[in-house]
Structures are given as C-alpha cells and as structure tokens.
Amino acid sequence: MIALENSKGFGVFLDKLDKNYLIPYRLQFFAEGAEKTEEPTAKKLSDARKEGQVARSKELTTSIELIALFLALKVFLGYIRDRLAENFYSTYQNMDRMLVGEFTTSMASTIINNSIVRIIIICLPTFAVAVGVTFVINLYQVKWKVSGKPLSPKLSKMNPVSGFKKIFSIDKLVTLVVEVLKIFVIVYIAYNTLKDEWDTLLILYDIDLFQAIALLGDLVINLGIRIGMFFLIIGVADYLYQKFKFKKDMRMTKQEVKDEFKHSEGDPKIKQKIRARMMQASQRRMMQNLPEADVVITNPTHLAAAIKYDRDTSEAPILIAKGADYLANKIKEVAKENKIEVVENKPLARMLYYNVEVGAEIPPELYQMTAEVLAYVYNLKGKL
C-alpha cells in the first residue's frame with residue numbers, strides 16, 4: 001500500500017495528473033424523468049394498436065371457448081346422437097347392398113365421403129357456436145382493428161441469443177409452473193367428477209347403447225363445464241393482469257411525452273418564433289396604416305389607440321392601431337410626425353385597447369365617448 005505523507009502531497013499529485021486520463025460524464029443521464037412515470041398518450045396507444053399490441057388474455061378466450069363448446073354439446077346432444085345413429089345405419093345399409101352386388105373402390109369412396117359430409121353437417125351447429133363465441137370474446141378484448149403487422153417477419157425474432165433469453169427467462173419459468181399447476185387441478189377435478197359418477201359407469205354394460213351414449217355425454221359435458229369454469233377464473237385474473245401490464249408497459253418518460261408533443265403539435269420554440277414573426281408583420285401593417293388615423297387616444301403613458309372615421313366607407317369609427325408601453329410610444333411618435341392629434345382619455349384608451357381588435361369598428365357602447373373626442377379634434381382642425 002502506498003501512503004501519502006500529507007494532504008498536500010495528494011493535491012500536488014492531482015495537479016500534475018494529465019487531464020487526458022480523466023473520464024468525462026454527463027449528469028443529465030442521472031436526471032429525473034428517465035423512468036416511465038407518465039400515462040400513455042392517445043397517439044402512443046393508437047400506434048400500439050396498429051402494431052397489434054393490445055391487452056389480451058388467451059386464458060380468458062380458451063375458458064369461454066370451452067364453456068361455450070360444452071354448453072352447445074349439452075343443447076345439441078340429443079340431435080347429434082340421433083343424427084349420428086341414422087348416419088351409421090345408412091352407411092352400413094349401403095355396404096350391405098354393395099356386398100350383394102358388385103363391390104368397387106369408387107362405390108366405397110362415395111359412401112365414406114357421404115358419411116363424412118353428414119357428420120360435418122351434424123356437428124356444424126356446435127362448431128358454429130364455438131367459433132361465434134370466440135369471435136365475440138376476442139372482439140370484446142381488442143375491439144375491431146385489423147392489422148397485418150404482427151404477421152410480418154421481423155429479423156429481431158430470428159436472433160438466437162434473444163430466443164435463448166426468452167426460453168430461460170423468469171417469465172417462462174413462471175408460465176411453466178402455472179401450466180403444471182393447471183394440469184394438477186384438472187386431474188383433481190376429473191378425479192372427483194369420476195369418483196362421484198363411479199356407480200353410473202359400472203352399469204354401462206347393462207343398459208341400452210343410446211342410454212350409455214347419453215350417460216357418457218352428460219358425464220363428459222359436466223366434466224368439461226367444470227374444467228371450463230376453473231379456466232374462466234384463471235382467465236379473468238389473467239385478463240386483469242394483462243391490462244395492468246399493458247398499461248404499465250405503455251407508460252412514457254417525460255422526455256418521450258415532450259418529444260411526441262413536438263412531433264404532433266410542433267416545436268414550441270418554432271411556434272413561438274412563428275407567432276412573433278406574425279405579430280411583427282401585423283405591427284408593420286398597423287404602423288403603415290397609422291398615418292390615416294384621425295386621432296390617437298392615450299392613457300397617457302402606457303396605452304395608445306388610433307381611430308379613423310370615414311362615413312363613406314364605414315358606419316362607425318375603426319380602430320386601426322393600438323399598443324402598450326414601447327409600442328404605445330412608437331404610435332405617439334408616428335402620430336406627431338404625421339401631425340395627428342394625440343388626446344388623453346384614460347377610460348376610453350383602456351376600453352379600446354382591451355375590448356376592440358385592430359381593424360374592427362368600435363362597439364355602440366363607446367360611440368358617445370368617441371364622438372366627443374372626434375368632435376374636439378375636428379373643432380381644432382376646423383372640419384366641423
């Protein structure tokens with residue numbers, strides 16, 4: 001260990017240290033605002049929807065699909081049983097006729113194809129209910145927004161490094177544990193259901209075929225509905241979690257909100273410069289029209305308003321210029337240069353400045369006060 005003899009020695013060492021060996025750093029990286037604390041804007045949510053990023057729970061969709069499927073089977077079980085039996089009898093009757101006559105491959109293919117088509121038609125109502133419920137529940141979760149971007153290939157998804165990271169991530173481990181727990185719960189539900197119906201299963205060999213099919217159908221349907229209800233509880237919890245997670249992921253930093261505002265509304269500095277230039281142009285036009293004024297009414301030091309009255313072009317006097325402080329002094333200077341009367345009237349000057357826009361006629365409430373000032377000016381100039 002090297003020890004310095006005194007504190008001055010360390011100071012001398014620092015003074016002699018070459019500045020090239022110092023590592024620069026910027027404090028703004030540690031500044032407040034780097035964390036995502038702001039709620040997502042409407043634009044970011046809209047962009048996320050275009051990219052296919054929405055809060056959606058697969059567990060909720062699966063659970064409702066299961067419940068809808070088994071409920072549909074419960075409703076259509078009698079219909080399906082009778083139609084399948086008819087299809088079975090019809091198929092074997094055709095086979096018997098074929099055995100009596102000449103048997104060909106094309107005839108067997110026709111019989112099998114017809115049987116398959118009838119089976120599809122018989123099961124179609126059940127599948128239609130399941131598909132319709134799936135469409136409705138997905139529409140409820142993500143609303144109607146068609147986007148093909150999630151299907152487009154991305155090179156980032158082909159990165160093996162990121163792929164291994166996803167496989168061995170904590171989220172995947174939690175998902176695996178949840179799936180194993182779901183299997184155990186499903187086995188437990190199935191065991192309890194079959195245990196309660198064990199006496200019924202033992203008599204299947206002693207009853208009619210249709211009765212056996214009905215009993216097995218009811219047993220499978222009840223088991224499916226119970227498993228579906230279990231998945232529904234998980235699905236609702238997962239949907240609430242997905243909404244919370246999506247909202248958290250969509251949060252923005254303060255800098256991101258500022259940048260988005262600049263892109264959507266324009267840079268405030270640029271807009272301020274544009275407003276300043278527009279104001280300057282307006283003031284230049286106002287000062288160009290000022291020599292046409294009949295009178296300038298002042299506060300007398302802070303405000304100034306210039307009025308012009310031409311009965312041939314307007315019904316009332318028009319305010320052609322106004323200003324405060326520096327601009328008011330400029331208006332008075334131009335008025336003196338053009339030999340325009342400057343009249344002090346504090347109430348009228350304030351009301352004209354705060355209530356009348358440049359280029360507009362004065363309101364009727366100010367007719368009397370304005371007429372008195374104009375009459376005074378016209379008397380001075382001998383115009384009356």
# chains A, B, ... in the order shown; residues from 1 in each chain; ligands from 1
call {"tool": "residues_around", "arguments": {"residues": "Ile225 (chain A)", "least_positions_apart": "4", "cutoff": "10 Å", "atoms": "only C-alpha atoms", "output": "tab-separated table (two decimals) with C-alpha atoms, in the first residue's frame"}}
result
chain	number	residue	atom	x	y	z
A	63	SER	CA	-62.02	-20.79	-20.95
A	64	ILE	CA	-65.05	-19.20	-22.63
A	66	LEU	CA	-64.55	-24.49	-23.57
A	67	ILE	CA	-67.69	-23.47	-21.69
A	68	ALA	CA	-69.48	-22.46	-24.91
A	69	LEU	CA	-68.48	-25.70	-26.64
A	70	PHE	CA	-69.72	-27.97	-23.86
A	71	LEU	CA	-72.92	-25.97	-23.35
A	74	LYS	CA	-75.41	-30.20	-23.93
A	220	VAL	CA	-68.14	-35.57	-20.37
A	221	ILE	CA	-70.14	-32.35	-20.69
A	229	MET	CA	-65.24	-22.72	-15.05
A	230	PHE	CA	-61.83	-23.29	-13.48
A	231	PHE	CA	-60.16	-21.86	-16.58
call {"tool": "residues_around", "arguments": {"residues": "Arg81 (chain A)", "least_positions_apart": "2", "cutoff": "12 Å", "atoms": "only C-alpha atoms", "output": "list of chain:residue names"}}
result
A:Leu73, A:Lys74, A:Val75, A:Phe76, A:Leu77, A:Gly78, A:Tyr79, A:Arg83, A:Leu84, A:Ala85, A:Glu86, A:Asn87, A:Phe88, A:Ile119, A:Ile122, A:Cys123, A:Leu209, A:Phe210, A:Gln211, A:Ala212, A:Ile213, A:Ala214, A:Leu215, A:Leu216, A:Gly217
call {"tool": "residues_around", "arguments": {"residues": "Lys36 (chain A)", "least_positions_apart": "3", "cutoff": "8 Å", "atoms": "only C-alpha atoms", "output": "PyMOL selection string"}}
result
chain A and resi 33+251-254
call {"tool": "write_last_selection", "arguments": {"atoms": "N, CA and C atoms", "output": "PDB file, in the first residue's frame"}}
result
ATOM      1  N   GLY A  33     -36.730  11.935 -14.648  1.00  0.00           N
ATOM      2  CA  GLY A  33     -37.511  11.863 -15.870  1.00  0.00           C
ATOM      3  C   GLY A  33     -37.156  10.677 -16.727  1.00  0.00           C
ATOM      4  N   ARG A 251     -46.419   3.048 -20.484  1.00  0.00           N
ATOM      5  CA  ARG A 251     -46.070   4.316 -19.855  1.00  0.00           C
ATOM      6  C   ARG A 251     -44.874   4.959 -20.551  1.00  0.00           C
ATOM      7  N   MET A 252     -44.782   6.270 -20.419  1.00  0.00           N
ATOM      8  CA  MET A 252     -43.764   7.033 -21.138  1.00  0.00           C
ATOM      9  C   MET A 252     -42.954   7.861 -20.155  1.00  0.00           C
ATOM     10  N   THR A 253     -41.742   8.156 -20.566  1.00  0.00           N
ATOM     11  CA  THR A 253     -40.935   9.093 -19.790  1.00  0.00           C
ATOM     12  C   THR A 253     -41.378  10.520 -20.104  1.00  0.00           C
ATOM     13  N   LYS A 254     -40.992  11.436 -19.268  1.00  0.00           N
ATOM     14  CA  LYS A 254     -41.356  12.832 -19.507  1.00  0.00           C
ATOM     15  C   LYS A 254     -40.758  13.343 -20.812  1.00  0.00           C
TER      16      LYS A 254
END
call {"tool": "closest_residue", "arguments": {"among": "A:Lys322, A:Glu361, A:Leu352, A:Ala293", "to": "Lys339 (chain A)", "atoms": "only C-alpha atoms"}}
result
A:Ala293
call {"tool": "residues_around", "arguments": {"residues": "Ala324 (chain A)", "least_positions_apart": "4", "cutoff": "7 Å", "atoms": "only C-alpha atoms", "output": "PyMOL selection string"}}
result
chain A and resi 302-304+328
call {"tool": "closest_residue", "arguments": {"among": "A:Ser115, A:Thr134, A:Thr298, A:Gln93", "to": "Glu65 (chain A)", "atoms": "only C-alpha atoms"}}
result
A:Thr134
